[in-house]
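Asks: Got a structure for you, model_6.txt, holding compact mmCIF, C-alpha atoms.
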```txt
# COMPACT_ATOMS: atom_id res chain seq x y z
CA MET A 960 -15.73 -12.61 24.33
CA ASN A 961 -12.46 -11.93 26.16
CA GLU A 962 -12.15 -10.21 29.53
CA LEU A 963 -11.15 -6.79 28.17
CA MET A 964 -13.99 -6.76 25.66
CA GLU A 965 -16.46 -7.60 28.43
CA GLN A 966 -15.03 -4.80 30.54
CA ILE A 967 -15.31 -2.27 27.69
CA LYS A 968 -18.91 -3.27 26.95
CA LYS A 969 -20.17 -2.89 30.52
CA LYS A 970 -23.06 -0.48 30.92
CA ASP A 971 -21.11 1.91 33.15
CA ALA A 972 -17.65 1.26 31.63
CA ARG A 973 -14.96 3.81 32.42
CA SER A 974 -11.44 4.39 31.15
CA PHE A 975 -8.53 6.65 32.05
CA THR A 976 -5.63 8.03 30.07
CA HIS A 977 -3.05 10.78 30.51
CA GLY A 978 -3.90 14.46 30.23
CA GLY A 979 -1.91 17.21 28.57
CA LYS A 980 -0.59 16.93 25.06
CA PHE A 981 -2.07 14.02 23.13
CA HIS A 982 -0.75 11.88 20.28
CA ALA A 983 -2.18 9.47 17.72
CA ASP A 984 -1.51 6.60 20.15
CA ASP A 985 -3.87 7.68 22.95
CA VAL A 986 -6.33 9.27 20.50
CA PHE A 987 -6.80 6.09 18.47
CA SER A 988 -6.89 4.03 21.67
CA ALA A 989 -9.81 6.16 22.87
CA ALA A 990 -11.48 5.94 19.45
CA LEU A 991 -11.20 2.15 19.58
CA LEU A 992 -12.91 2.05 22.97
CA PHE A 993 -15.70 4.33 21.71
CA TYR A 994 -16.11 2.10 18.63
CA ILE A 995 -16.76 -0.89 20.88
CA ASN A 996 -18.89 1.04 23.39
CA PRO A 997 -20.05 4.54 22.40
CA GLU A 998 -21.28 5.08 25.98
CA ILE A 999 -17.93 4.45 27.69
CA THR A 1000 -16.62 7.31 29.85
CA ILE A 1001 -13.01 8.31 29.18
CA LEU A 1002 -11.26 10.47 31.76
CA ARG A 1003 -7.92 12.25 31.45
CA GLY A 1004 -5.42 13.29 34.08
CA ASN A 1005 -1.81 13.30 35.17
CA ARG A 1006 -2.18 10.49 37.71
CA VAL A 1007 -4.44 7.46 37.86
CA PRO A 1008 -6.73 7.75 40.90
CA ASP A 1009 -5.92 5.13 43.54
CA ASP A 1010 -9.49 3.84 43.58
CA PHE A 1011 -9.99 3.80 39.78
CA ASP A 1012 -11.49 0.48 38.69
CA GLY A 1013 -11.80 1.00 34.92
CA ILE A 1014 -9.53 0.48 31.90
CA VAL A 1015 -6.25 2.40 32.09
CA PHE A 1016 -4.19 3.02 28.95
CA ASP A 1017 -1.05 4.96 28.00
CA ILE A 1018 -0.39 5.77 31.66
CA GLY A 1019 0.04 3.88 34.91
CA ARG A 1020 2.60 1.26 33.80
CA GLY A 1021 -0.11 -1.39 33.42
CA ALA A 1022 -1.06 -3.87 30.70
CA TYR A 1023 -2.00 -1.12 28.21
CA ASP A 1024 0.88 1.27 28.86
CA HIS A 1025 4.24 1.16 27.10
CA HIS A 1026 6.42 3.63 28.98
CA GLN A 1027 8.02 1.13 31.35
CA ARG A 1028 11.52 -0.21 30.64
CA ASP A 1029 10.32 -3.74 29.93
CA SER A 1030 7.53 -2.68 27.57
CA ARG A 1031 6.77 -5.21 24.90
CA VAL A 1032 8.17 -5.39 21.37
CA ARG A 1033 6.69 -7.34 18.47
CA GLU A 1034 8.61 -10.20 16.90
CA ASN A 1035 9.37 -7.99 13.88
CA GLY A 1036 10.99 -5.37 16.12
CA VAL A 1037 8.15 -2.81 16.16
CA PRO A 1038 7.51 -1.78 19.79
CA TYR A 1039 3.96 -1.75 21.10
CA ALA A 1040 2.28 1.47 22.12
CA ALA A 1041 -1.08 1.64 23.92
CA PHE A 1042 -3.05 1.43 20.67
CA GLY A 1043 -1.25 -1.76 19.65
CA LEU A 1044 -1.67 -3.33 23.09
CA LEU A 1045 -5.40 -2.67 23.08
CA TRP A 1046 -5.74 -3.85 19.48
CA GLU A 1047 -3.89 -7.05 20.29
CA ALA A 1048 -6.51 -7.80 22.95
CA VAL A 1049 -9.69 -6.92 21.01
CA GLY A 1050 -8.80 -6.80 17.30
CA ALA A 1051 -9.68 -10.41 16.51
CA GLU A 1052 -13.19 -9.91 17.91
CA ILE A 1053 -13.71 -6.93 15.62
CA LEU A 1054 -12.20 -8.17 12.34
CA GLY A 1055 -11.34 -11.82 12.94
CA GLU A 1056 -7.82 -13.12 13.51
CA GLU A 1057 -6.47 -12.90 9.96
CA LEU A 1058 -7.78 -9.42 9.19
CA ALA A 1059 -6.81 -8.20 12.66
CA GLU A 1060 -3.20 -9.19 11.98
CA GLU A 1061 -3.29 -7.43 8.59
CA PHE A 1062 -4.77 -4.32 10.20
CA ASP A 1063 -2.10 -4.36 12.90
CA GLU A 1064 0.69 -4.55 10.33
CA ALA A 1065 -0.69 -1.96 7.94
CA PHE A 1066 -2.36 0.57 10.26
CA VAL A 1067 -1.54 0.05 13.94
CA GLN A 1068 2.18 -0.64 13.74
CA PRO A 1069 3.11 2.58 11.90
CA LEU A 1070 1.31 4.59 14.61
CA ASP A 1071 2.91 2.56 17.40
CA HIS A 1072 6.31 3.03 15.78
CA ASN A 1073 5.73 6.77 15.49
CA ASP A 1074 4.79 7.07 19.14
CA ASN A 1075 7.83 5.12 20.33
CA THR A 1076 10.45 6.58 18.00
CA GLY A 1077 9.12 9.86 16.61
CA GLU A 1078 9.50 8.62 13.04
CA LYS A 1079 7.42 10.77 10.71
CA ASN A 1080 3.87 9.58 10.05
CA GLU A 1081 1.38 11.77 8.21
CA LEU A 1082 -1.67 10.48 10.06
CA ALA A 1083 0.03 10.94 13.43
CA THR A 1084 0.95 14.49 12.43
CA LEU A 1085 -2.65 15.21 11.42
CA ILE A 1086 -3.95 13.99 14.78
CA GLY A 1087 -1.21 15.85 16.66
CA ASN A 1088 -2.26 19.08 14.97
CA PHE A 1089 -5.51 19.01 16.96
CA ASN A 1090 -3.49 19.99 20.04
CA PRO A 1091 -4.02 23.64 20.96
CA THR A 1092 -1.23 26.05 20.06
CA TRP A 1093 1.44 26.71 22.65
CA ASP A 1094 -0.14 30.01 23.75
CA ALA A 1095 -3.79 28.89 23.78
CA GLN A 1096 -5.71 29.52 26.99
CA GLY A 1097 -7.46 26.78 28.97
CA GLY A 1098 -7.24 22.99 28.85
CA ASN A 1099 -7.06 20.68 25.90
CA ASP A 1100 -9.66 18.01 26.74
CA GLU A 1101 -12.08 19.47 24.19
CA ALA A 1102 -9.40 19.29 21.48
CA PHE A 1103 -8.59 15.71 22.53
CA PHE A 1104 -12.16 14.55 22.03
CA GLN A 1105 -12.37 16.40 18.69
CA ALA A 1106 -9.33 14.41 17.57
CA VAL A 1107 -10.90 11.21 18.93
CA SER A 1108 -14.04 11.91 16.88
CA VAL A 1109 -11.98 12.18 13.69
CA ALA A 1110 -9.97 9.08 14.59
CA GLY A 1111 -13.23 7.22 15.20
CA MET A 1112 -14.47 8.02 11.70
CA ILE A 1113 -11.16 6.84 10.27
CA LEU A 1114 -11.31 3.59 12.23
CA GLU A 1115 -14.89 2.89 11.23
CA ASN A 1116 -14.13 3.48 7.55
CA LYS A 1117 -10.98 1.36 7.76
CA PHE A 1118 -12.84 -1.54 9.36
CA GLU A 1119 -15.53 -1.41 6.66
CA ARG A 1120 -12.84 -1.29 3.97
CA TYR A 1121 -11.13 -4.39 5.38
CA ARG A 1122 -14.42 -6.27 5.61
CA GLY A 1123 -15.29 -5.15 2.09
CA ASN A 1124 -11.94 -6.36 0.78
CA GLU A 1125 -12.49 -9.73 2.44
CA ARG A 1126 -15.90 -10.02 0.76
CA ALA A 1127 -14.31 -9.01 -2.53
CA ASP A 1128 -11.62 -11.68 -2.19
CA ARG A 1129 -14.25 -14.37 -1.69
CA ARG A 1130 -16.31 -13.09 -4.63
CA VAL A 1131 -13.29 -12.96 -6.94
CA GLU A 1132 -12.41 -16.57 -6.11
CA GLU A 1133 -15.98 -17.60 -7.00
CA ILE A 1134 -15.84 -15.72 -10.30
CA LEU A 1135 -12.40 -17.12 -11.15
CA GLU A 1136 -13.59 -20.68 -10.52
CA GLU A 1137 -16.67 -20.13 -12.71
CA HIS A 1138 -14.37 -18.72 -15.40
CA ARG A 1139 -12.02 -21.71 -15.23
CA GLN A 1140 -14.90 -24.15 -15.50
CA ALA A 1141 -16.41 -22.25 -18.45
CA VAL A 1142 -13.09 -22.34 -20.34
CA THR A 1143 -12.42 -26.00 -19.44
CA SER A 1144 -15.89 -27.13 -20.48
CA GLY A 1145 -15.80 -25.19 -23.74
CA LYS A 1146 -18.58 -22.79 -22.78
CA ARG A 1147 -16.06 -20.02 -23.38
CA ASP A 1148 -13.48 -19.99 -26.17
CA SER A 1149 -9.99 -20.96 -25.08
CA GLU A 1150 -8.71 -17.72 -26.66
CA ASP A 1151 -10.71 -15.87 -23.98
CA ALA A 1152 -9.00 -17.64 -21.07
CA LYS A 1153 -7.12 -14.43 -20.24
CA ILE A 1154 -10.28 -12.28 -20.34
CA LEU A 1155 -12.31 -12.22 -17.13
CA ILE A 1156 -15.89 -10.90 -17.27
CA LEU A 1157 -17.20 -9.69 -13.92
CA PRO A 1158 -21.00 -9.65 -13.42
CA GLU A 1159 -20.43 -6.56 -11.26
CA PHE A 1160 -17.40 -4.48 -10.34
CA VAL A 1161 -15.30 -6.19 -7.66
CA PRO A 1162 -11.86 -4.95 -6.48
CA CYS A 1163 -9.58 -7.66 -7.83
CA GLN A 1164 -6.36 -6.19 -9.23
CA LYS A 1165 -4.06 -7.53 -6.53
CA ARG A 1166 -5.43 -11.06 -6.76
CA LEU A 1167 -5.44 -11.11 -10.56
CA SER A 1168 -1.80 -10.02 -10.73
CA GLU A 1169 -1.02 -13.54 -9.52
CA THR A 1170 -2.98 -15.14 -12.39
CA GLU A 1171 -2.82 -15.24 -16.19
CA ILE A 1172 -5.80 -12.89 -16.53
CA ALA A 1173 -4.75 -9.99 -18.77
CA PHE A 1174 -8.04 -8.05 -19.05
CA VAL A 1175 -11.09 -7.53 -16.85
CA ILE A 1176 -14.48 -6.46 -18.20
CA PHE A 1177 -17.24 -5.20 -15.92
CA PRO A 1178 -20.48 -3.19 -16.23
CA SER A 1179 -19.96 0.57 -16.02
CA ASN A 1180 -22.12 2.62 -13.66
CA ARG A 1181 -22.56 5.01 -16.61
CA GLY A 1182 -23.91 2.29 -18.87
CA GLY A 1183 -22.01 -0.05 -21.17
CA TYR A 1184 -18.78 -1.77 -20.08
CA CYS A 1185 -15.34 -0.91 -18.77
CA ILE A 1186 -12.18 -2.77 -19.74
CA GLN A 1187 -9.07 -2.70 -17.57
CA PRO A 1188 -5.69 -4.29 -18.39
CA GLN A 1189 -4.14 -6.11 -15.43
CA LYS A 1190 -0.61 -5.52 -14.14
CA LYS A 1191 1.99 -8.19 -13.66
CA GLU A 1192 2.90 -9.21 -10.15
CA TYR A 1193 5.69 -7.02 -8.70
CA SER A 1194 5.54 -4.73 -11.74
CA MET A 1195 4.15 -1.41 -12.90
CA ASN A 1196 3.64 -2.86 -16.37
CA TYR A 1197 0.60 -4.57 -17.86
CA LYS A 1198 0.46 -8.18 -19.01
CA CYS A 1199 -1.05 -6.81 -22.21
CA SER A 1200 -1.75 -3.23 -23.31
CA PHE A 1201 -4.22 -1.57 -25.64
CA PRO A 1202 -2.66 -0.64 -29.02
CA ALA A 1203 -0.85 2.69 -28.81
CA GLU A 1204 -2.97 4.21 -31.58
CA TRP A 1205 -6.12 3.76 -29.47
CA LEU A 1206 -4.87 5.78 -26.53
CA GLY A 1207 -6.57 9.13 -25.93
CA LEU A 1208 -9.30 8.59 -28.56
CA GLU A 1209 -13.07 8.58 -28.08
CA ASN A 1210 -16.36 8.05 -29.92
CA GLU A 1211 -16.11 8.27 -33.76
CA GLU A 1212 -12.29 8.44 -33.81
CA LEU A 1213 -12.01 5.38 -31.58
CA GLU A 1214 -14.72 3.52 -33.53
CA GLN A 1215 -12.83 4.12 -36.75
CA VAL A 1216 -9.42 2.96 -35.54
CA THR A 1217 -10.75 -0.07 -33.60
CA GLY A 1218 -13.54 -1.16 -35.93
CA LEU A 1219 -15.79 -1.51 -32.86
CA GLN A 1220 -19.25 -0.06 -33.33
CA SER A 1221 -19.82 0.84 -29.64
CA ALA A 1222 -16.30 2.03 -28.77
CA GLY A 1223 -16.56 4.99 -26.40
CA PHE A 1224 -13.28 6.04 -24.83
CA CYS A 1225 -9.71 4.86 -24.32
CA HIS A 1226 -7.73 6.67 -21.65
CA LYS A 1227 -4.43 8.16 -22.79
CA GLY A 1228 -2.75 6.37 -19.87
CA GLY A 1229 -3.94 3.02 -21.20
CA PHE A 1230 -5.54 1.84 -17.95
CA LEU A 1231 -9.20 2.05 -19.03
CA MET A 1232 -11.40 1.65 -22.10
CA THR A 1233 -15.18 1.88 -22.36
CA VAL A 1234 -17.56 0.35 -24.90
CA GLY A 1235 -21.32 0.06 -25.19
CA MET A 1236 -21.66 -3.67 -25.83
CA LEU A 1237 -20.16 -6.70 -24.11
CA GLU A 1238 -19.23 -8.36 -27.41
CA ASP A 1239 -17.23 -5.26 -28.37
CA ALA A 1240 -15.47 -5.36 -25.00
CA VAL A 1241 -14.37 -8.95 -25.65
CA LYS A 1242 -13.30 -8.04 -29.19
CA ALA A 1243 -11.22 -5.12 -27.87
CA CYS A 1244 -9.36 -7.51 -25.57
CA ARG A 1245 -8.82 -10.06 -28.35
CA ILE A 1246 -7.47 -7.41 -30.76
CA SER A 1247 -5.16 -6.04 -28.06
CA MET A 1248 -3.74 -9.49 -27.27
CA GLU A 1249 -3.25 -10.30 -30.95
CA LEU A 1250 -1.35 -7.05 -31.65
CA TYR A 1251 0.60 -6.90 -28.39
CA HIS A 1252 4.32 -7.55 -28.53
CA GLU A 1253 6.10 -7.63 -25.20
CA ASN A 1254 9.51 -6.01 -25.02
CA PRO A 1255 10.58 -6.15 -21.36
CA THR A 1256 13.21 -3.75 -20.10
CA ILE A 1257 15.70 -4.02 -17.26
CA VAL A 1258 17.58 -0.93 -16.13
CA ASN A 1259 21.20 -1.60 -15.16
CA LEU A 1260 22.00 1.24 -12.78
CA GLY A 1261 25.72 1.59 -12.19
CA GLY A 1262 26.54 -2.00 -13.10
CA ASP A 1263 29.04 -3.30 -15.63
CA SER A 1264 27.88 -4.78 -18.95
CA CYS A 1265 29.23 -8.16 -17.88
CA ILE A 1266 26.13 -8.43 -15.65
CA ASP A 1267 23.77 -8.21 -18.64
CA PRO A 1268 23.93 -11.92 -19.60
CA LEU A 1269 23.02 -12.84 -16.02
CA LEU A 1270 20.07 -10.45 -16.05
CA LYS A 1271 18.79 -12.09 -19.24
CA GLN A 1272 18.80 -15.46 -17.48
CA LEU A 1273 16.08 -14.26 -15.11
CA PRO A 1274 12.65 -15.90 -15.65
CA GLY A 1275 10.86 -14.36 -18.64
CA MET A 1276 13.71 -11.93 -19.34
CA GLN A 1277 15.50 -13.81 -22.15
CA GLU A 1278 14.37 -11.22 -24.70
CA ALA A 1279 14.71 -8.24 -22.38
CA THR A 1280 16.45 -5.04 -23.39
CA VAL A 1281 19.03 -3.98 -20.81
CA ILE A 1282 19.40 -0.22 -20.56
CA HIS A 1283 22.49 1.14 -18.82
CA MET A 1284 22.10 4.26 -16.74
CA ASP A 1285 24.42 6.17 -14.45
CA PHE A 1286 23.58 7.44 -11.00
CA MET A 1287 22.73 11.09 -10.56
CA GLN A 1288 25.69 13.39 -10.43
CA LEU A 1289 26.95 13.46 -6.88
CA PRO A 1290 26.78 16.83 -5.13
CA GLN A 1291 29.85 18.68 -4.02
CA LEU A 1292 30.98 17.76 -0.54
CA THR A 1293 31.82 19.91 2.45
CA VAL A 1294 34.76 18.05 3.98
CA ASP A 1295 36.16 18.34 7.49
CA GLY A 1296 39.04 15.91 7.92
CA ILE A 1297 37.64 12.45 7.18
CA TYR A 1298 34.02 13.62 7.53
CA GLY A 1299 31.99 14.88 4.58
CA GLU A 1300 28.47 16.20 3.96
CA ALA A 1301 26.61 16.94 0.75
CA ALA A 1302 26.79 20.67 0.03
CA MET A 1303 23.11 20.73 -0.93
CA ASP A 1304 20.03 21.60 1.10
CA LYS A 1305 17.31 19.03 1.79
CA GLN A 1306 14.87 20.23 -0.88
CA GLN A 1307 17.54 20.31 -3.58
CA TRP A 1308 18.53 16.76 -2.68
CA LYS A 1309 14.90 15.57 -2.82
CA ASN A 1310 14.45 17.24 -6.21
CA GLU A 1311 17.58 15.55 -7.59
CA VAL A 1312 16.39 12.13 -6.40
CA LYS A 1313 12.92 12.76 -7.84
CA GLU A 1314 14.28 13.73 -11.26
CA ASN A 1315 16.51 10.67 -11.40
CA LEU A 1316 13.64 8.43 -10.37
CA LYS A 1317 11.54 9.87 -13.21
CA ARG A 1318 14.40 9.18 -15.62
CA ILE A 1319 14.41 5.51 -14.59
CA LEU A 1320 10.62 5.08 -14.57
CA LYS A 1321 10.39 6.55 -18.05
CA GLN A 1322 11.92 3.26 -19.28
CA LYS A 1323 9.04 1.29 -17.69
CA PRO A 1324 11.45 -1.32 -16.36
CA GLU A 1325 10.39 -4.76 -15.18
CA ALA A 1326 13.23 -4.47 -12.68
CA VAL A 1327 16.19 -2.24 -11.81
CA TYR A 1328 19.59 -3.78 -11.16
CA VAL A 1329 21.65 -1.60 -8.80
CA GLU A 1330 25.37 -1.66 -8.10
CA GLY A 1331 27.42 0.92 -6.24
CA ASN A 1332 28.20 2.46 -2.87
CA VAL A 1333 25.45 3.22 -0.37
CA PHE A 1334 25.71 7.00 -0.81
CA GLU A 1335 24.85 6.59 -4.50
CA THR A 1336 22.41 3.71 -4.30
CA TYR A 1337 20.32 4.23 -1.19
CA PRO A 1338 18.19 7.27 -2.23
CA ILE A 1339 17.10 5.64 -5.52
CA VAL A 1340 16.68 2.15 -4.07
CA HIS A 1341 14.51 3.55 -1.29
CA GLN A 1342 12.19 5.30 -3.75
CA LEU A 1343 11.98 2.30 -6.10
CA ARG A 1344 11.04 0.01 -3.22
CA LYS A 1345 8.31 2.41 -2.10
CA LYS A 1346 6.84 2.09 -5.60
CA HIS A 1347 7.13 -1.72 -5.39
CA ILE A 1348 9.42 -1.88 -8.42
CA PRO A 1349 11.70 -4.94 -8.19
CA VAL A 1350 15.23 -3.88 -7.22
CA LEU A 1351 17.95 -6.40 -8.01
CA THR A 1352 21.49 -6.65 -6.76
CA MET A 1353 24.37 -9.12 -6.81
CA MET A 1354 25.53 -11.45 -4.08
CA GLU A 1355 27.65 -14.57 -3.89
CA LYS A 1356 26.64 -17.76 -2.12
CA ASP A 1357 28.77 -20.90 -2.05
CA GLY A 1358 30.97 -19.42 -4.77
CA GLN A 1359 28.03 -18.77 -7.12
CA LYS A 1360 26.93 -15.32 -8.26
CA LEU A 1361 23.23 -14.71 -7.66
CA ILE A 1362 20.91 -11.93 -8.77
CA ILE A 1363 18.58 -11.34 -5.83
CA ARG A 1364 15.51 -9.14 -5.42
CA ILE A 1365 15.36 -6.74 -2.50
CA PRO A 1366 11.87 -6.99 -0.91
CA SER A 1367 9.61 -4.09 -1.88
CA GLY A 1368 7.91 -1.72 0.54
CA SER A 1369 8.48 1.64 2.15
```
Rewrite the structure from the file as structure tokens, please.
Replies:
Amino acid sequence: MNELMEQIKKKDARSFTHGGKFHADDVFSAALLFYINPEITILRGNRVPDDFDGIVFDIGRGAYDHHQRDSRVRENGVPYAAFGLLWEAVGAEILGEELAEEFDEAFVQPLDHNDNTGEKNELATLIGNFNPTWDAQGGNDEAFFQAVSVAGMILENKFERYRGNERADRRVEEILEEHRQAVTSGKRDSEDAKILILPEFVPCQKRLSETEIAFVIFPSNRGGYCIQPQKKEYSMNYKCSFPAEWLGLENEELEQVTGLQSAGFCHKGGFLMTVGMLEDAVKACRISMELYHENPTIVNLGGDSCIDPLLKQLPGMQEATVIHMDFMQLPQLTVDGIYGEAAMDKQQWKNEVKENLKRILKQKPEAVYVEGNVFETYPIVHQLRKKHIPVLTMMEKDGQKLIIRIPSGS
């Protein structure tokens, strides 16, 4: 146990943070301390008492403050706030090193970044809304601790989710190894190598996107079995889909079209099917794989047709259909000398981007190739990356033209 953790866990542990308006940074810092020691006393004020011997955060220019000029910045450029500094010191003891790093990247860093830069963050806004209104009477300590209580519930649920995901990852690896051995030894037919049967539901979609598994079968909590097609890695599309004529049908209609006695329901979106018997679940997967014909699509957004042959040289894209699309119609500009602005309000602009994104996604592309100036490309590229759809562009290296993928993410 490190020194800070020992200090937090002391019987009469005390902590101090700033008073006045509070933010997600100091609220989640307090919630973290309460998670470790529910009996800790947290005081608030505008100045740290000279004789205070407890943990001080988000004030005082100490180890867990970030308002000094030489405050620390992560290697990836995200500056620390108090929450991140505290998490860096105790996170590994709560979740273990690997999960603590994942939690920092996914949960702590966005809040730290918000506190340091003001960049919009929905969770930070939610916590900030616990502050009393500008004309409220009295102090705001009560509101602070209400916000801390909510943040504490969020932290506790997040920690359990991370631990649960870690358990799921281990269980999925066990099931995958058993599946491989069963196929290799002949206990399962080789034609079922892409069908994974789970003894119980386990979150596994992300891991299975990296494998050849096309369908997962698991017991339904309503009785019978669920079947889920698995998506390709870096794609919104499935490795194999249910036949189109099955979608949206149930009971007798689905039984008739599938020939499966216990067929129950096939979602119109194609992401779920239910049957009563395991053998019918396996048959549904086999039929789907036998009838499935892949026709991958690449959207060429703003690029010349001379790029198409290069796009078809990408792995697995030799038979791809390349669909050419233009960018959305540019808005009129308000020009003042060499400076111009779009003559369109914010909501209109967002609506235009949304409609054009829908137009692209309707093609269910494996990737979108983008070529053009930043004013045209950025709004669409930004939205595609948020949806983790591969965005491709052209660059030259050592005289050779390369199609490269822009990393996904928000």
Asks: Near A:Val1281, counting only C-alpha atoms, which residues have an atom at most 8 Å away, once you skip same-chain residues fewer than 2 positions from it, shown as a short mmCIF file (atom, residue, chain, number, x, y, z; two decimals) with C-alpha atoms, in the frame of the given file?
Replies:
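Printed below is result_3.cif as written:
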```
data_model
loop_
_atom_site.label_atom_id
_atom_site.label_comp_id
_atom_site.auth_asym_id
_atom_site.auth_seq_id
_atom_site.Cartn_x
_atom_site.Cartn_y
_atom_site.Cartn_z
CA THR A 1256 13.21 -3.75 -20.10
CA ILE A 1257 15.70 -4.02 -17.26
CA VAL A 1258 17.58 -0.93 -16.13
CA ASN A 1259 21.20 -1.60 -15.16
CA ASP A 1267 23.77 -8.21 -18.64
CA ALA A 1279 14.71 -8.24 -22.38
CA HIS A 1283 22.49 1.14 -18.82
#
```
Asks: Which residues are close to stretch 1223-1235 of chain A, i.e. within 12 Å by only C-alpha atoms, leaving aside same-chain residues fewer than 2 positions away? Reply as a PyMOL selection string.
Replies: chain A and resi 1164+1173-1190+1195-1221+1237-1244+1247
Asks: Measuring between all atoms listed in the file, which one of A:Asn1315, A:Gln1027, A:Ser1149, A:Gln1140 shows the shortest distance to A:Leu1289?
Replies: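 Nearest to A:Leu1289: A:Asn1315.
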Asks: Provide the atom CA of A:Glu965 to atom CA of A:Leu991 distance in Å, to one decimal place.
Replies: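 Separating atom CA of A:Glu965 from atom CA of A:Leu991 is a distance of 14.2 Å.
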Asks: Pick from A:Ala1041, A:Ala1059, A:Val1312, A:Leu1361: nearest to A:Val986, with all atoms listed in the file counted?
Replies: A:Ala1041
Asks: What's the separation between atom CA of A:Pro1338 and atom CA of A:Thr1352, in Å to one decimal place?
Replies: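 It comes out at 15.0 Å.
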Asks: Draw an axis-aligned box tight on the listed atoms of stretch 1049-1063 of chain A, then pad every side by 8 Å and write out centre and edge lengths in Å to one decimal as JSON.
Replies:
```
{"center_x": -7.9, "center_y": -8.7, "center_z": 14.8, "size_x": 27.6, "size_y": 24.8, "size_z": 28.4}
```
Asks: Give me, please, the distance in Å between atom CA of A:Tyr1039 and atom CA of A:Asp1071, quoted to one decimal.
Replies: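 Straight-line distance from atom CA of A:Tyr1039 to atom CA of A:Asp1071 works out to 5.8 Å.
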Asks: Using all atoms listed in the file, which of A:Arg1006, A:Ser1030, A:Asp1074, A:Val1329 sits nearest A:Asp1263?
Replies: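 Selected residue with least distance to A:Asp1263: A:Val1329.
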Asks: Tell me which of A:Gly1050, A:Gly1055, A:Pro1290, A:Pro1038 sits closest to A:His1072, counting all atoms listed in the file.
Replies: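 Of all the options, A:Pro1038 lies closest to A:His1072.
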Asks: For A:Arg973, which residue out of A:Asp1012, A:Glu1325, A:Asp1357, A:Glu1278 is the nearest one, using only C-alpha atoms?
Replies: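 The answer is A:Asp1012, which sits nearest to A:Arg973.
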Asks: Within 8 Å of A:Glu1171, counting only C-alpha atoms, which residues show up once you throw out same-chain ones fewer than 3 positions away? Write them as a PyMOL selection string, please.
Replies: chain A and resi 1153+1167-1168
Asks: Please determine, counting all atoms listed in the file, which residue among A:Phe975, A:Ala990, A:Glu1335, A:Leu1292 has the shortest atom-to-atom distance to A:Asp1009.
Replies: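 Using all atoms listed in the file, A:Asp1009 sits closest to A:Phe975.
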Asks: Can you pull out every residue within 12 Å of A:Leu1082, counting all atoms listed in the file, but drop anything in the same chain fewer than 5 positions away, and send it as number ranges by chain?
Replies: A: 982-984, 986-987, 1066-1067, 1069-1071, 1073-1074, 1087-1089, 1106, 1109-1110, 1113
Asks: Determine, counting all atoms listed in the file, which protein, DNA and RNA residues have an atom within 10 Å of an atom of A:Gly979; residues of the same chain fewer than 5 positions away are not included. Present the result as a list in words.
Replies: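 Answer for this query is Arg1003, Gly1004, Asn1005, Asn1090, Gly1098, Asn1099, Asp1100 and Phe1103 of chain A.
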